[in-house]
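Engineer: Below you will find the structure I want to go over with you.
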Amino acid sequence: MDRNDSLLGAYGLTDARDRLLSADAALAELQERCGGDLPGMLAIPELLALVQQARRMGLRIARNFSAFDGDAEVSGFARIHPLAEDHGGGCEVLVENWQRSALAPPNPREFAERLDAIDRATAEVAARLDARQQIQVLSARTGDAAGLQAAALAAPGTVWSELVDLTGITHHQPLHWRLLDGAACRFAGSARNWRARLIPLGTDPHNPQGFELLLIAEEPLTEEALSATDDAGTPDTSPTRLVGTALTPVLRQPVARIIANAETMRARLAGPLRDEYSEYAGTIASAGQHLAAMLDDLADLEVVETPGFATAREPVDLTDAAVRAAGILGVRAQNRDTVLVVEGEQGEAVATAEFRRVLQILINLIGNAIAYAPAASTVTINAQSSGEGRVAVTVADEGPGVTPEQAERIFEKFERLGRDSDGGKDKGSGLGLYISRCLAEAMEGTLTVEAAPGGGAQFRLELPAA
């Protein structure tokens, strides 16, 4: 049949083992397009589910159905009539008002957002850039990108393209971000080929406030590269480095593939899918993202608990860091109708600390405030001088707050105090606040919590003034 064709109906007959024994031309063609044979096991998932249900219950079923044949969508009204055992024990299948029509093109914006979500899940290097494509913070989730992370840390404010070799691009950098989005690249320390994604931040794509940089490997790590080694070339098997050097690299890629495949199914990028199956795929993707976040937390936990761990010392404008953290979490806040308000003038609260660690703490605090405070509320971030050579930034929400007893325990390792967002969904690892306090103390600062004015919780990060 050609596209947009319709028939009065299509008929088929199955046996007690759900094999399609005979079928009209239209149904036989759909069976073959779905990978089946005639006769052979019914290969149309939507019809197979209806046939199995009717046969199991011994009842007639009549309902709408739709299927994807590889090129177009087939739909109609299916009537399933189970047969008695002396008549074969199968089912008669009649599809009335058989329609085959071209698929509607996906919404360009939704399609792009799904592709971005897949790339975020599979990226092994992620960074935040300012409007001039200069690196603010860069983190690597794989051992062969450790050198790239160290180079970015050693030269803050470097244009990202100066740290990689762009394949097939010889023009002066930085180029317009659209010309670099999707570019192939390589960098020192990794034998793999990489693809760069630049996702603009802010509401105006023509004048972005900054960028999210993702580096996606085109091939997995080899077994040799997965083996972390020390300076002597022997594997690092110390218990304190088990997750970061052994488990995390091994688990990162399969978890990323699970998330990417689930996002593909949820977005129906491979074809039409029933709503309940799309929801199942969304649940799988959320669980995978939760597992990936836990791997990140466990890796960070090893870093902050390593003897001799220290942070860099540089001037950090807390108002500027708050603005950048709020920008990174802007989409998450919009999804919950939450307003992020940043108070304070730039230059008034400058700390001596490490910028990327301050940003990490603020992202954790603001992210928690968005998750645990009521939807359609306000989160206020305020940077200020606190006197006696100290500066501070506070994050206040309008949620239920914490009691004095909870305030004493909230920074303990794996402590959650029953704080679950959305009725128990999106549970964290209970490590975020513990890691944040360890980072604050490594920068000779403090991280505390108290009741916010008017209710809610207020977290306060205090650091030495520059």
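Each chain of the structure tokens is named A, B, ... in the order shown, its residues numbered from 1; ligands are numbered from 1 in display order.
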Apply DSSP to the structure's backbone, then extract all residues of segment 108-214 of chain A labelled helix (DSSP H, G or I) and return them as JSON, numbers by chain.

Structural biologist: {"A": [108, 109, 110, 111, 112, 113, 114, 115, 116, 117, 118, 119, 120, 121, 122, 143, 144, 145, 146, 147, 148, 149, 150, 151, 152, 153, 154, 160, 161, 162, 163, 177, 178, 179, 180]}

Engineer: Tell me, which residues of segment 128-217 of chain A carry DSSP strand (DSSP E), written as a JSON list (two decimals) with N, CA and C atoms, in the first residue's frame?

Structural biologist:
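Result written to part.json:
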```json
[["chain", "number", "residue", "atom", "x", "y", "z"],
["A", 128, "ARG", "N", 31.21, 24.26, 31.91],
["A", 128, "ARG", "CA", 30.41, 25.47, 31.76],
["A", 128, "ARG", "C", 31.33, 26.56, 31.22],
["A", 129, "LEU", "N", 30.86, 27.24, 30.16],
["A", 129, "LEU", "CA", 31.64, 28.30, 29.52],
["A", 129, "LEU", "C", 30.91, 29.62, 29.67],
["A", 130, "ASP", "N", 31.67, 30.72, 29.66],
["A", 130, "ASP", "CA", 31.02, 32.02, 29.65],
["A", 130, "ASP", "C", 30.66, 32.38, 28.21],
["A", 135, "ILE", "N", 36.42, 28.74, 29.80],
["A", 135, "ILE", "CA", 36.02, 27.70, 30.76],
["A", 135, "ILE", "C", 35.86, 28.29, 32.15],
["A", 136, "GLN", "N", 34.70, 28.05, 32.75],
["A", 136, "GLN", "CA", 34.46, 28.39, 34.15],
["A", 136, "GLN", "C", 34.74, 27.20, 35.05],
["A", 137, "VAL", "N", 34.21, 26.05, 34.66],
["A", 137, "VAL", "CA", 34.43, 24.82, 35.42],
["A", 137, "VAL", "C", 34.36, 23.65, 34.44],
["A", 138, "LEU", "N", 35.25, 22.68, 34.60],
["A", 138, "LEU", "CA", 35.28, 21.50, 33.73],
["A", 138, "LEU", "C", 35.49, 20.27, 34.58],
["A", 139, "SER", "N", 34.71, 19.25, 34.33],
["A", 139, "SER", "CA", 34.86, 17.99, 35.07],
["A", 139, "SER", "C", 34.90, 16.83, 34.09],
["A", 140, "ALA", "N", 35.78, 15.87, 34.38],
["A", 140, "ALA", "CA", 35.94, 14.69, 33.54],
["A", 140, "ALA", "C", 35.47, 13.47, 34.31],
["A", 165, "ASP", "N", 42.42, 19.63, 20.08],
["A", 165, "ASP", "CA", 42.76, 19.74, 18.66],
["A", 165, "ASP", "C", 41.49, 19.48, 17.86],
["A", 166, "LEU", "N", 41.00, 20.53, 17.22],
["A", 166, "LEU", "CA", 39.78, 20.41, 16.42],
["A", 166, "LEU", "C", 40.12, 19.77, 15.08],
["A", 184, "ALA", "N", 34.44, 17.53, 15.52],
["A", 184, "ALA", "CA", 35.27, 16.42, 16.00],
["A", 184, "ALA", "C", 36.55, 16.98, 16.60],
["A", 185, "CYS", "N", 37.05, 16.33, 17.66],
["A", 185, "CYS", "CA", 38.26, 16.82, 18.31],
["A", 185, "CYS", "C", 38.99, 15.69, 19.00],
["A", 186, "ARG", "N", 40.21, 15.97, 19.39],
["A", 186, "ARG", "CA", 41.05, 15.07, 20.18],
["A", 186, "ARG", "C", 41.80, 15.91, 21.19],
["A", 194, "TRP", "N", 36.61, 12.33, 19.75],
["A", 194, "TRP", "CA", 35.56, 12.96, 20.54],
["A", 194, "TRP", "C", 34.71, 13.88, 19.67],
["A", 195, "ARG", "N", 33.49, 14.09, 20.10],
["A", 195, "ARG", "CA", 32.58, 15.04, 19.44],
["A", 195, "ARG", "C", 32.17, 16.10, 20.45],
["A", 196, "ALA", "N", 32.25, 17.36, 20.06],
["A", 196, "ALA", "CA", 31.94, 18.47, 20.96],
["A", 196, "ALA", "C", 30.51, 18.95, 20.73],
["A", 197, "ARG", "N", 29.81, 19.20, 21.82],
["A", 197, "ARG", "CA", 28.49, 19.82, 21.76],
["A", 197, "ARG", "C", 28.53, 21.13, 22.54],
["A", 198, "LEU", "N", 27.99, 22.17, 21.97],
["A", 198, "LEU", "CA", 27.86, 23.46, 22.63],
["A", 198, "LEU", "C", 26.38, 23.78, 22.72],
["A", 199, "ILE", "N", 25.87, 23.84, 23.95],
["A", 199, "ILE", "CA", 24.45, 24.12, 24.18],
["A", 199, "ILE", "C", 24.35, 25.50, 24.80],
["A", 200, "PRO", "N", 23.71, 26.47, 24.14],
["A", 200, "PRO", "CA", 23.65, 27.84, 24.67],
["A", 200, "PRO", "C", 22.81, 27.92, 25.93],
["A", 201, "LEU", "N", 23.21, 28.78, 26.84],
["A", 201, "LEU", "CA", 22.48, 29.03, 28.08],
["A", 201, "LEU", "C", 21.80, 30.40, 27.98],
["A", 210, "GLY", "N", 26.07, 32.12, 28.13],
["A", 210, "GLY", "CA", 27.17, 31.19, 28.30],
["A", 210, "GLY", "C", 26.83, 29.91, 27.57],
["A", 211, "PHE", "N", 27.61, 28.87, 27.82],
["A", 211, "PHE", "CA", 27.41, 27.61, 27.11],
["A", 211, "PHE", "C", 27.64, 26.43, 28.03],
["A", 212, "GLU", "N", 26.96, 25.35, 27.71],
["A", 212, "GLU", "CA", 27.24, 24.04, 28.30],
["A", 212, "GLU", "C", 28.06, 23.28, 27.27],
["A", 213, "LEU", "N", 29.27, 22.89, 27.62],
["A", 213, "LEU", "CA", 30.14, 22.15, 26.72],
["A", 213, "LEU", "C", 30.11, 20.67, 27.10],
["A", 214, "LEU", "N", 29.85, 19.83, 26.12],
["A", 214, "LEU", "CA", 29.85, 18.38, 26.33],
["A", 214, "LEU", "C", 30.83, 17.76, 25.34],
["A", 215, "LEU", "N", 31.66, 16.85, 25.82],
["A", 215, "LEU", "CA", 32.55, 16.09, 24.95],
["A", 215, "LEU", "C", 32.11, 14.63, 25.02],
["A", 216, "ILE", "N", 31.70, 14.08, 23.87],
["A", 216, "ILE", "CA", 31.18, 12.72, 23.80],
["A", 216, "ILE", "C", 32.16, 11.86, 23.03],
["A", 217, "ALA", "N", 32.61, 10.78, 23.63],
["A", 217, "ALA", "CA", 33.57, 9.89, 22.98],
["A", 217, "ALA", "C", 32.87, 9.09, 21.89]]
```

Engineer: Rounded to one decimal place, report the atom CA of Gly147 of chain A-atom CA of Gly430 of chain A distance in Å.

Structural biologist: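 Computed distance, atom CA of Gly147 of chain A to atom CA of Gly430 of chain A, equals 29.4 Å.
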
Engineer: Any idea what's packed within 8 Å of Arg114 of chain A, counting only C-alpha atoms, ignoring anything in its chain fewer than 3 positions away? Could you give it as an MDAnalysis selection string?

Structural biologist: chainID A and resid 110:111 117:118 263:264 267
